[in-house]
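Q: What follows is input10.txt, compact mmCIF, N, CA and C atoms.
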```txt
# COMPACT_ATOMS: atom_id res chain seq x y z
N MET A 1 51.57 121.18 28.12
CA MET A 1 50.69 120.15 28.57
C MET A 1 49.25 120.42 28.09
N ILE A 2 48.86 121.67 28.13
CA ILE A 2 47.49 122.00 27.70
C ILE A 2 47.31 121.67 26.23
N LYS A 3 48.33 121.99 25.41
CA LYS A 3 48.25 121.68 23.99
C LYS A 3 48.10 120.17 23.79
N PHE A 4 48.89 119.40 24.52
CA PHE A 4 48.81 117.94 24.43
C PHE A 4 47.42 117.45 24.81
N LEU A 5 46.87 117.96 25.90
CA LEU A 5 45.54 117.51 26.35
C LEU A 5 44.46 117.88 25.34
N ARG A 6 44.60 119.02 24.71
CA ARG A 6 43.63 119.40 23.67
C ARG A 6 43.72 118.45 22.47
N GLN A 7 44.95 118.12 22.08
CA GLN A 7 45.13 117.16 20.98
C GLN A 7 44.55 115.81 21.37
N ARG A 8 44.77 115.42 22.60
CA ARG A 8 44.26 114.13 23.07
C ARG A 8 42.73 114.11 23.05
N ARG A 9 42.13 115.23 23.41
CA ARG A 9 40.66 115.32 23.38
C ARG A 9 40.14 115.15 21.96
N GLU A 10 40.83 115.74 20.99
CA GLU A 10 40.44 115.59 19.58
C GLU A 10 40.58 114.13 19.14
N GLU A 11 41.66 113.48 19.58
CA GLU A 11 41.84 112.06 19.24
C GLU A 11 40.73 111.22 19.85
N ARG A 12 40.36 111.51 21.09
CA ARG A 12 39.28 110.76 21.76
C ARG A 12 37.97 110.92 20.98
N GLU A 13 37.73 112.12 20.47
CA GLU A 13 36.50 112.36 19.72
C GLU A 13 36.49 111.51 18.45
N ARG A 14 37.63 111.42 17.76
CA ARG A 14 37.71 110.57 16.57
C ARG A 14 37.50 109.10 16.95
N GLU A 15 38.05 108.70 18.07
CA GLU A 15 37.87 107.32 18.53
C GLU A 15 36.41 107.05 18.89
N ARG A 16 35.74 108.06 19.49
CA ARG A 16 34.33 107.92 19.84
C ARG A 16 33.48 107.70 18.59
N VAL A 17 33.75 108.50 17.57
CA VAL A 17 33.00 108.37 16.32
C VAL A 17 33.25 106.99 15.70
N ALA A 18 34.50 106.56 15.70
CA ALA A 18 34.84 105.25 15.12
C ALA A 18 34.20 104.10 15.88
N ALA A 19 34.06 104.24 17.20
CA ALA A 19 33.48 103.16 18.01
C ALA A 19 31.96 103.09 17.87
N GLY A 20 31.34 104.19 17.47
CA GLY A 20 29.88 104.19 17.29
C GLY A 20 29.14 103.82 18.55
N THR A 21 28.21 102.89 18.45
CA THR A 21 27.38 102.51 19.60
C THR A 21 28.14 101.70 20.64
N ASP A 22 29.35 101.25 20.32
CA ASP A 22 30.16 100.51 21.30
C ASP A 22 30.87 101.45 22.28
N TRP A 23 30.81 102.76 22.05
CA TRP A 23 31.52 103.72 22.89
C TRP A 23 30.98 103.70 24.32
N GLU A 24 31.88 103.56 25.28
CA GLU A 24 31.51 103.53 26.70
C GLU A 24 31.53 104.91 27.34
N GLY A 25 32.39 105.80 26.84
CA GLY A 25 32.41 107.18 27.32
C GLY A 25 32.57 107.34 28.81
N LYS A 26 33.62 106.76 29.38
CA LYS A 26 33.85 106.84 30.82
C LYS A 26 34.63 108.10 31.23
N GLY A 27 35.09 108.89 30.24
CA GLY A 27 35.80 110.12 30.56
C GLY A 27 37.30 109.98 30.75
N TYR A 28 37.86 108.83 30.42
CA TYR A 28 39.29 108.64 30.56
C TYR A 28 40.05 109.39 29.48
N VAL A 29 41.23 109.93 29.84
CA VAL A 29 42.10 110.57 28.86
C VAL A 29 42.74 109.51 27.99
N PHE A 30 43.20 108.44 28.61
CA PHE A 30 43.77 107.30 27.90
C PHE A 30 42.85 106.11 28.17
N ALA A 31 42.32 105.54 27.11
CA ALA A 31 41.30 104.51 27.27
C ALA A 31 41.42 103.46 26.18
N SER A 32 40.58 102.46 26.32
CA SER A 32 40.48 101.43 25.29
C SER A 32 39.86 102.04 24.04
N PRO A 33 39.89 101.34 22.92
CA PRO A 33 39.28 101.88 21.69
C PRO A 33 37.80 102.20 21.81
N THR A 34 37.14 101.66 22.85
CA THR A 34 35.72 101.96 23.04
C THR A 34 35.48 102.93 24.19
N GLY A 35 36.56 103.55 24.72
CA GLY A 35 36.40 104.56 25.76
C GLY A 35 36.40 104.02 27.17
N GLY A 36 36.53 102.72 27.33
CA GLY A 36 36.57 102.13 28.66
C GLY A 36 37.96 102.18 29.26
N PRO A 37 38.09 101.68 30.49
CA PRO A 37 39.40 101.69 31.14
C PRO A 37 40.39 100.77 30.45
N LEU A 38 41.67 101.14 30.52
CA LEU A 38 42.72 100.28 30.00
C LEU A 38 42.99 99.16 31.01
N SER A 39 43.39 98.04 30.49
CA SER A 39 43.82 96.95 31.35
C SER A 39 45.09 97.38 32.06
N PRO A 40 45.26 97.03 33.34
CA PRO A 40 46.46 97.45 34.07
C PRO A 40 47.78 97.02 33.42
N ASN A 41 47.76 95.98 32.61
CA ASN A 41 49.02 95.54 31.99
C ASN A 41 49.13 95.94 30.52
N THR A 42 48.30 96.88 30.08
CA THR A 42 48.34 97.34 28.70
C THR A 42 49.72 97.90 28.36
N ASP A 43 50.28 98.72 29.25
CA ASP A 43 51.57 99.33 28.94
C ASP A 43 52.65 98.27 28.79
N PHE A 44 52.57 97.19 29.56
CA PHE A 44 53.55 96.11 29.46
C PHE A 44 53.51 95.49 28.06
N HIS A 45 52.32 95.17 27.58
CA HIS A 45 52.18 94.53 26.27
C HIS A 45 52.58 95.48 25.14
N VAL A 46 52.20 96.73 25.26
CA VAL A 46 52.59 97.71 24.24
C VAL A 46 54.10 97.87 24.24
N TRP A 47 54.71 97.95 25.42
CA TRP A 47 56.17 98.08 25.53
C TRP A 47 56.86 96.90 24.86
N LYS A 48 56.42 95.69 25.16
CA LYS A 48 57.05 94.50 24.58
C LYS A 48 56.91 94.50 23.05
N ARG A 49 55.76 94.92 22.55
CA ARG A 49 55.55 94.98 21.10
C ARG A 49 56.47 96.03 20.47
N LEU A 50 56.60 97.20 21.11
CA LEU A 50 57.50 98.23 20.59
C LEU A 50 58.94 97.73 20.51
N LEU A 51 59.39 97.05 21.55
CA LEU A 51 60.76 96.52 21.55
C LEU A 51 60.94 95.50 20.43
N ARG A 52 59.98 94.60 20.30
CA ARG A 52 60.06 93.57 19.26
C ARG A 52 60.08 94.20 17.88
N ASP A 53 59.16 95.14 17.63
CA ASP A 53 59.07 95.77 16.32
C ASP A 53 60.32 96.58 15.99
N ALA A 54 60.96 97.15 17.01
CA ALA A 54 62.18 97.93 16.80
C ALA A 54 63.41 97.05 16.67
N GLY A 55 63.27 95.77 17.01
CA GLY A 55 64.39 94.85 16.92
C GLY A 55 65.48 95.13 17.93
N VAL A 56 65.08 95.60 19.12
CA VAL A 56 66.06 95.92 20.15
C VAL A 56 65.91 94.97 21.34
N TRP A 57 66.84 95.09 22.26
CA TRP A 57 66.90 94.26 23.47
C TRP A 57 65.57 94.28 24.22
N ASP A 58 65.16 93.14 24.71
CA ASP A 58 63.90 92.99 25.45
C ASP A 58 64.10 93.40 26.90
N GLY A 59 64.12 94.72 27.14
CA GLY A 59 64.34 95.24 28.49
C GLY A 59 63.04 95.51 29.21
N ARG A 60 63.20 95.73 30.50
CA ARG A 60 62.03 96.06 31.33
C ARG A 60 61.67 97.53 31.17
N LEU A 61 60.39 97.82 31.27
CA LEU A 61 59.92 99.20 31.20
C LEU A 61 60.54 100.01 32.33
N HIS A 62 60.69 99.41 33.49
CA HIS A 62 61.30 100.07 34.64
C HIS A 62 62.72 100.56 34.29
N ASP A 63 63.48 99.73 33.59
CA ASP A 63 64.83 100.12 33.19
C ASP A 63 64.81 101.31 32.24
N ALA A 64 63.82 101.37 31.38
CA ALA A 64 63.70 102.49 30.45
C ALA A 64 63.46 103.80 31.19
N ARG A 65 62.75 103.73 32.29
CA ARG A 65 62.52 104.94 33.10
C ARG A 65 63.84 105.49 33.61
N HIS A 66 64.71 104.59 34.07
CA HIS A 66 66.02 105.02 34.56
C HIS A 66 66.86 105.59 33.42
N THR A 67 66.79 104.95 32.27
CA THR A 67 67.53 105.47 31.11
C THR A 67 67.02 106.85 30.74
N ALA A 68 65.71 107.03 30.74
CA ALA A 68 65.13 108.33 30.41
C ALA A 68 65.60 109.40 31.39
N ALA A 69 65.63 109.08 32.67
CA ALA A 69 66.10 110.04 33.66
C ALA A 69 67.56 110.40 33.42
N THR A 70 68.37 109.41 33.12
CA THR A 70 69.79 109.65 32.85
C THR A 70 69.98 110.56 31.63
N VAL A 71 69.22 110.28 30.58
CA VAL A 71 69.31 111.10 29.37
C VAL A 71 68.88 112.54 29.66
N LEU A 72 67.78 112.70 30.38
CA LEU A 72 67.30 114.04 30.71
C LEU A 72 68.35 114.81 31.50
N LEU A 73 68.96 114.16 32.48
CA LEU A 73 70.00 114.82 33.28
C LEU A 73 71.21 115.18 32.42
N SER A 74 71.60 114.28 31.51
CA SER A 74 72.75 114.55 30.65
C SER A 74 72.47 115.68 29.66
N LEU A 75 71.19 115.91 29.37
CA LEU A 75 70.81 117.01 28.48
C LEU A 75 70.68 118.34 29.22
N GLY A 76 70.90 118.28 30.53
CA GLY A 76 70.86 119.51 31.32
C GLY A 76 69.52 119.84 31.94
N VAL A 77 68.58 118.91 31.89
CA VAL A 77 67.30 119.15 32.55
C VAL A 77 67.56 119.18 34.05
N PRO A 78 67.06 120.18 34.76
CA PRO A 78 67.32 120.26 36.20
C PRO A 78 66.85 119.01 36.93
N ALA A 79 67.65 118.59 37.90
CA ALA A 79 67.34 117.37 38.65
C ALA A 79 65.96 117.43 39.30
N VAL A 80 65.57 118.60 39.77
CA VAL A 80 64.26 118.71 40.41
C VAL A 80 63.14 118.43 39.40
N ALA A 81 63.32 118.84 38.15
CA ALA A 81 62.30 118.58 37.11
C ALA A 81 62.25 117.09 36.78
N VAL A 82 63.42 116.47 36.68
CA VAL A 82 63.46 115.03 36.40
C VAL A 82 62.80 114.27 37.55
N ASP A 83 63.14 114.66 38.77
CA ASP A 83 62.58 113.99 39.94
C ASP A 83 61.06 114.10 39.96
N ARG A 84 60.55 115.26 39.65
CA ARG A 84 59.09 115.46 39.67
C ARG A 84 58.37 114.73 38.54
N SER A 85 59.11 114.39 37.48
CA SER A 85 58.47 113.71 36.35
C SER A 85 58.23 112.24 36.62
N TRP A 86 58.83 111.70 37.65
CA TRP A 86 58.67 110.28 37.98
C TRP A 86 57.39 110.08 38.75
N ALA A 87 56.57 109.15 38.29
CA ALA A 87 55.36 108.82 39.04
C ALA A 87 55.76 108.00 40.25
N GLY A 88 55.08 108.18 41.29
CA GLY A 88 55.36 107.41 42.50
C GLY A 88 54.58 107.94 43.67
N SER A 89 54.92 107.48 44.82
CA SER A 89 54.24 107.91 46.03
C SER A 89 54.59 109.35 46.33
N PRO A 90 53.65 110.09 46.94
CA PRO A 90 53.97 111.47 47.32
C PRO A 90 55.21 111.50 48.21
N GLY A 91 56.13 112.38 47.86
CA GLY A 91 57.35 112.51 48.65
C GLY A 91 58.44 111.54 48.27
N GLU A 92 58.15 110.59 47.41
CA GLU A 92 59.16 109.62 46.98
C GLU A 92 60.20 110.33 46.12
N ARG A 93 61.46 110.04 46.37
CA ARG A 93 62.54 110.69 45.64
C ARG A 93 63.35 109.66 44.89
N HIS A 94 63.70 109.98 43.66
CA HIS A 94 64.55 109.11 42.85
C HIS A 94 65.86 109.78 42.51
N VAL A 95 65.80 111.06 42.15
CA VAL A 95 66.98 111.79 41.72
C VAL A 95 67.51 112.64 42.86
N CYS A 96 66.62 113.31 43.55
CA CYS A 96 67.00 114.26 44.59
C CYS A 96 66.82 113.63 45.96
N GLY A 97 67.80 113.81 46.78
CA GLY A 97 67.69 113.39 48.17
C GLY A 97 67.14 114.54 48.99
N PRO A 98 66.90 114.31 50.28
CA PRO A 98 66.39 115.38 51.14
C PRO A 98 67.32 116.60 51.11
N GLY A 99 66.76 117.74 50.77
CA GLY A 99 67.52 118.99 50.76
C GLY A 99 68.43 119.19 49.57
N THR A 100 68.41 118.27 48.57
CA THR A 100 69.33 118.41 47.44
C THR A 100 68.70 119.06 46.23
N CYS A 101 67.38 119.15 46.17
CA CYS A 101 66.70 119.82 45.06
C CYS A 101 65.85 120.94 45.63
N THR A 102 65.86 122.05 44.93
CA THR A 102 65.05 123.16 45.40
C THR A 102 64.07 123.58 44.34
```
So, in terms of structure tokens, how does the structure I just supplied come out?
A:
Amino acid sequence: MIKFLRQRREERERERVAAGTDWEGKGYVFASPTGGPLSPNTDFHVWKRLLRDAGVWDGRLHDARHTAATVLLSLGVPAVAVDRSWAGSPGERHVCGPGTCT
């Protein structure tokens, strides 16, 4: 994760230089091309474009999360790690039920 964040910081610096005086510099790790906040539906539009460009079924991003979890489990990733990788409310469980993951 640290390596990824360092790479991301380098990418942000290149984006800052490219934006010039339009750079907002709000400190976001993932931001608009000018350093400002992303629109809440940015991932939706990017997801739809990726599906279209790949020529695959127009599925929901939510469904892809479930597919990703299934693939991770089938590859032998521990259920507790898969469960923790899902964003959600604190204590929310998707893979592990109460007392099933340690």
Q: Might you pull out every residue within 8 Å of A:Pro37, with all atoms listed in the file counted and same-chain residues fewer than 2 positions away left off, and present them as an NGL selection string?
A: :A and (24-28 or 30-35 or 39-40)
Q: Near A:Trp47, within 12 Å and counting only C-alpha atoms, which residues show up once chain neighbours fewer than 6 positions away are dropped, as a list in words?
A: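 Here the answer would be Asn41, Asp53, Ala54, Val56, Trp57, Asp58, Gly59, Arg60, Leu61, His62, Asp63 and Ala64 of chain A.
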Q: Suppose you want the space between atom C of A:Gly36 and atom C of A:Asp83; what is it in Å?
A: 28.1 Å
